[in-house]
Protein chains: 2
Amino acid sequence: MNVDALKEIVGEGGWSCSPDELEPHLTEWRDRWRGRTAILLRPRSTQQVADIVKACLAKKISIVPQGGNTGLCGGAIPDDSGQQVLLSLAKMNTIRDVSTTNFSMTVEAGCTLAAVQAAAADVDCQFPLSLAAEGSCQIGGNLSTNAGGINVLRFGTARQQTLGLEVVLPDGNVLHGLKSLRKDTAGYDLKQLFIGAEGTLGVITAATLKMFPAPRDVRTVLMSVRSPDDAVNLLAEMRRAFSDQVQAFELIPARAVNFVLKHISSCRFPLQEPGEWHVLADVAGVREPDAFEELLAGFLESGQANDAVIAKNAAEADELWRLRHGVSEAQKKEGASLKHDVSVPVASVGEFIASATKAVEEEVAGIRVVAFGHVGDGNIHFNLSVPERGDPQKFLAMRKRLAKCVHDIVHELGGSFSAEHGIGQAKREELERYTDPVAVALMRTLKTAIDPFNIMNPGKVI
Amino acid sequence: MNVDALKEIVGEGGWSCSPDELEPHLTEWRDRWRGRTAILLRPRSTQQVADIVKACLAKKISIVPQGGNTGLCGGAIPDDSGQQVLLSLAKMNTIRDVSTTNFSMTVEAGCTLAAVQAAAADVDCQFPLSLAAEGSCQIGGNLSTNAGGINVLRFGTARQQTLGLEVVLPDGNVLHGLKSLRKDTAGYDLKQLFIGAEGTLGVITAATLKMFPAPRDVRTVLMSVRSPDDAVNLLAEMRRAFSDQVQAFELIPARAVNFVLKHISSCRFPLQEPGEWHVLADVAGVREPDAFEELLAGFLESGQANDAVIAKNAAEADELWRLRHGVSEAQKKEGASLKHDVSVPVASVGEFIASATKAVEEEVAGIRVVAFGHVGDGNIHFNLSVPERGDPQKFLAMRKRLAKCVHDIVHELGGSFSAEHGIGQAKREELERYTDPVAVALMRTLKTAIDPFNIMNPGKVI
């Protein structure tokens with residue numbers, strides 16, 4: 001492939017063909033996918049991206065957009081043909097504009113999520129999207145995957161936090177949609193197409209995002225509860241009692257707590273004794289700590305919670321959150337694991353966890369289920385650890401079978417086999433299996449209409 | 001046109017060709033658009049809608065979906081060929097499901113917005129979408145136009161309140177998308193296409209909507225301020241001070257107050273003297289009325305507000321809101337008027353009102369500007385009354401010229417000529433004039449791909 005024209009577009013420093021430099025861009029961080037590429041391009045402007053797309057279209061060369069390469073489904077990894085061009089947005093990392101009066105900011109796709117959060121915090125605001133990879137993932141990738149994370153309960157996913165998008169279309173034209181309006185019914189809302197499309201319909205180059213006032217008077221509380229059903233009921237009670245200011249509501253099972261305490265020495269457990277299940281919640285706007293404690297005391301009295309501890313300060317809140325954030329790392333140290341990022345209606349969380357646990361335990365005796373996560377969104381990370389002293393290879397070989405087991409139950413409950421991680425290369429089979437054929441056909445219609453030569457991230461999603 | 005096949009699909013009571021029955025469906029309520037139709041169909045089920053679409057597709061007959069016929073842009077009125085089929089969703093008005101644990105409900109398109117709100121209120125929840133026509137508009141129409149109203153500031157437009165949709169596509173297939181999930185990244189989010197498409201891409205037959213806990217401890221306050229800029233700054237302060245629990249924030253100019261007090265005898269004005277501008281705000285979650293009053297007192301001391309009155313009870317709050325809700329009716333009684341439903345970035349509201357007022361006053365000496373509305377969303381109803389003793393017909397003949405005057409300024413400020421009313425038949429020219437040609441081309445691509453025979457509400461939007 002002749003890539004000279006592409007080199008010319010981006011100029012010195014804007015491309016690389018060096019195997020060492022390419023390596024981290026060609027490997028998914030958990031090493032589940034590897035690819036090859038003709039060239040890595042690092043454009044510095046929207047115009048350069050448009051020129052690249054036009055040049056590629058002329059030669060029918062396909063393009064794989066990449067942000068921080070922190071995805072979990074291989075959506076940003078090229079195939080192994082070596083013919084695809086890898087388009088990194090990393091050098092487009094300017095915060096273009098921040099408005100405290102409009103509570104909005106315009107940022108380029110290559111800004112890390114942490115940089116976006118920081119730019120909001122600098123003006124006493126918050127950009128509430130928050131997830132484990134926030135230090136290295138990029139906002140363009142967050143939007144392309146409609147990222148979720150811990151604050152969806154109150155603020156919605158990346159989609160709900162987006163006011164406008166600038167997108168380079170598969171024909172190289174630029175869609176100038178960086179509006180910062182709260183209401184706009186001037187024709188079809190085109191930005192919605194590109195959010196969550198994983199780069200298959202165009203390249204997001206910049207976005208105008210909502211900001212919110214920095215949260216005040218946030219209280220963090222850890223409670224033990226008897227069951228996931230009790231957690232879900234407690235969530236409903238808390239949403240009602242605290243004026244819908246519950247910002248995060250996470251479920252943590254006893255096994256996860258045990259893993260964390262065993263493997264992460266900096267973590268400690270503040271309740272007198274671990275329960276079977278725990279919820280960790282952030283509530284904002286708590287002006288009267290006494291009234292807050294009283295309400296929680298009510299939950300203890302009524303048996304809706306068994307035990308509770310309220311963080312007395314930010315350090316204690318961090319400590320509670322470390323318990324939650326340590327779950328993935330701790331589970332990794334327990335040996336081979338298989339992950340399922342699923343969602344069900346919040347009301348069905350309990351039924352899902354019970355049924356899926358039973359089903360996988362029947363498949364693999366001694367399997368260790370760790371079902372945790374964003375119960376406030378019905379989004380459970382249903383992760384499975386190899387049995388103690390089990391053979392990890394034999395266990396990992398069960399990947400497909402266990403996934404089907406879990407996803408079948410999710411599907412029956414009206415849930416999704418992909419809550420917040422997307423499809424990428426990983427879940428195309430699931431998309432076909434579990435999605436309404438009418439919907440799949442319509443997705444294909446859209447893809448073909450917008451990208452008729454299939455140059456935008458082919459082999460992903462659809 | 002032979003409509004026997006269509007009559008058979010819906011059966012007895014499911015259709016009408018009687019001029020008397022048709023009349024209210026063929027006239028826009030302000031009488032700006034009138035149409036004709038071959039037959040009015042009132043299907044009772046999604047299957048009937050699908051069968052109608054298939055039958056129409058076979059004969060290339062076009063279909064105009066209609067909800068409560070309360071739209072302001074003629075989007076639900078057929079053309080005058082008499083060849084289009086009018087499809088009323090009114091008989092599909094079942095609340096299919098309400099879940100307080102999942103905070104969601106599934107409703108059919110023909111439910112009135114008030115019925116949806118009431119179903120939520122019945123279980124101590126709220127469906128926050130709220131607008132003047134809520135007693136008769138239907139949720140299918142609200143979704144098709146991505147309706148806004150007074151609570152967008154906190155809850156977003158109809159789009160943000162939608163979890164899933166059931167849609168009959170232009171090929172007669174049914175898209176079964178009634179999911180009630182908070183997170184779902186399983187492929188393209190197809191429902192987004194149909195929200196705000198005004199029936200040009202398919203017929204929405206049912207929706208799964210978010211509910212929220214019923215608001216508690218809501219305080220309503222009316223304040224006078226010096227200028228729209230002061231109102232915008234006050235909004236930012238209040239969002240910060242009240243944990244972003246400002247649910248509504250409306251701007252009312254002195255002229256609107258005068259019109260209301262003159263024409264609506266049940267309204268009274270509770271401040272000692274009217275200011276030039278006023279804001280009416282609802283704040284939820286006010287547990288400590290004293291602290292609330294103290295914060296407002298601070299605004300008075302700092303000069304951010306000149307005067308303020310807090311409603312002491314629900315009756316007083318209603319009275320304050322009657323002032324706001326009376327503006328349209330009062331302005332009607334002042335004689336001929338021209339309306340502009342526009343939005344700009346919230347930060348530009350002051351500049352917009354000043355520039356647009358100057359511009360229209362230069363066009364028509366004595367014109368009476370009434371700029372009011374949802375300042376919290378940057379959505380101003382920039383309405384113009386005929387000069388006192390002016391000729392109404394001469395004034396109304398200026399419609400296009402004044403609209404261009406206003407919309408040009410909106411456009412320069414990065415705003416939208418259609419904030420919450422949509423395009424319909426009314427604003428197709430504006431869509432072409434003010435929208436990025438790349439965006440318009442992409443809208444056409446979508447329309448052609450999804451509705452290749454242009455049978456879904458042709459002549460609307462695009």
# chains A, B, ... in the order shown; residues from 1 in each chain; ligands from 1
call {"tool": "interface_residues", "arguments": {"of": "chain A", "to": "chain B", "cutoff": "6 Å", "atoms": "only C-alpha atoms", "output": "CSV table (one decimal) with C-alpha atoms, in the first residue's frame"}}
result
chain,number,residue,atom,x,y,z
A,101,THR,CA,-22.8,30.6,32.1
A,102,ASN,CA,-23.9,28.0,29.5
A,175,LEU,CA,-20.5,17.7,9.9
A,180,SER,CA,-24.3,24.1,22.6
A,181,LEU,CA,-28.2,24.2,22.7
A,182,ARG,CA,-30.4,22.5,25.3
A,183,LYS,CA,-33.3,22.5,22.9
A,184,ASP,CA,-33.1,22.1,19.1
A,185,THR,CA,-35.7,20.5,16.9
A,186,ALA,CA,-34.3,21.6,13.6
A,188,TYR,CA,-33.1,14.9,12.6
A,197,ALA,CA,-21.4,3.8,16.6
A,213,PRO,CA,-22.4,22.6,39.0
A,240,ARG,CA,-37.4,9.1,46.9
A,243,SER,CA,-34.8,14.1,46.1
A,285,GLY,CA,-26.9,17.9,48.2
A,345,PRO,CA,-34.3,-3.7,34.1
A,346,VAL,CA,-33.3,-2.5,37.6
A,347,ALA,CA,-36.3,-4.5,38.9
A,377,ASP,CA,-28.5,1.3,36.2
A,416,SER,CA,-28.7,-6.4,27.0
A,418,SER,CA,-23.6,-5.3,26.2
A,419,ALA,CA,-24.5,-2.7,28.8
A,420,GLU,CA,-21.6,-0.3,28.5
A,422,GLY,CA,-20.0,-2.0,23.2
A,438,VAL,CA,-35.7,-5.9,12.1
call {"tool": "residues_around", "arguments": {"residues": "B:Pro253", "least_positions_apart": "3", "cutoff": "7 Å", "atoms": "only C-alpha atoms", "output": "list of chain:residue names"}}
result
B:Ala256, B:Val257, B:Glu276, B:Trp277, B:His278, B:Val370, B:Ala371, B:Phe372
call {"tool": "residues_around", "arguments": {"residues": "A:Leu271", "least_positions_apart": "2", "cutoff": "8 Å", "atoms": "only C-alpha atoms", "output": "JSON, numbers by chain"}}
result
{"A": [269, 273, 274, 307, 308, 309]}
call {"tool": "atom_distance", "arguments": {"atom1": "atom CA of A:Gly303", "atom2": "atom CA of A:Ala254"}}
result
18.5 Å
call {"tool": "select_by_dssp", "arguments": {"residues": "stretch 60-223 of chain A", "states": "alpha helix (DSSP H)", "output": "list of chain:residue names"}}
result
A:Leu113, A:Ala114, A:Ala115, A:Val116, A:Gln117, A:Ala118, A:Ala119, A:Ala120, A:Ala121, A:Ile139, A:Gly140, A:Gly141, A:Asn142, A:Leu143, A:Ser144, A:Val152, A:Leu153, A:Arg154, A:Phe155, A:Lys191, A:Gln192, A:Leu193, A:Phe194
call {"tool": "atom_distance", "arguments": {"atom1": "atom CA of B:Ala115", "atom2": "atom CA of B:Gln47"}}
result
23.2 Å
call {"tool": "select_by_dssp", "arguments": {"residues": "stretch 119-252 of chain B", "states": "strand (DSSP E or B)", "output": "PyMOL selection string"}}
result
chain B and resi 125-126+130+138+149+162-168+174-177+203-210+212-213+219-225+246-252
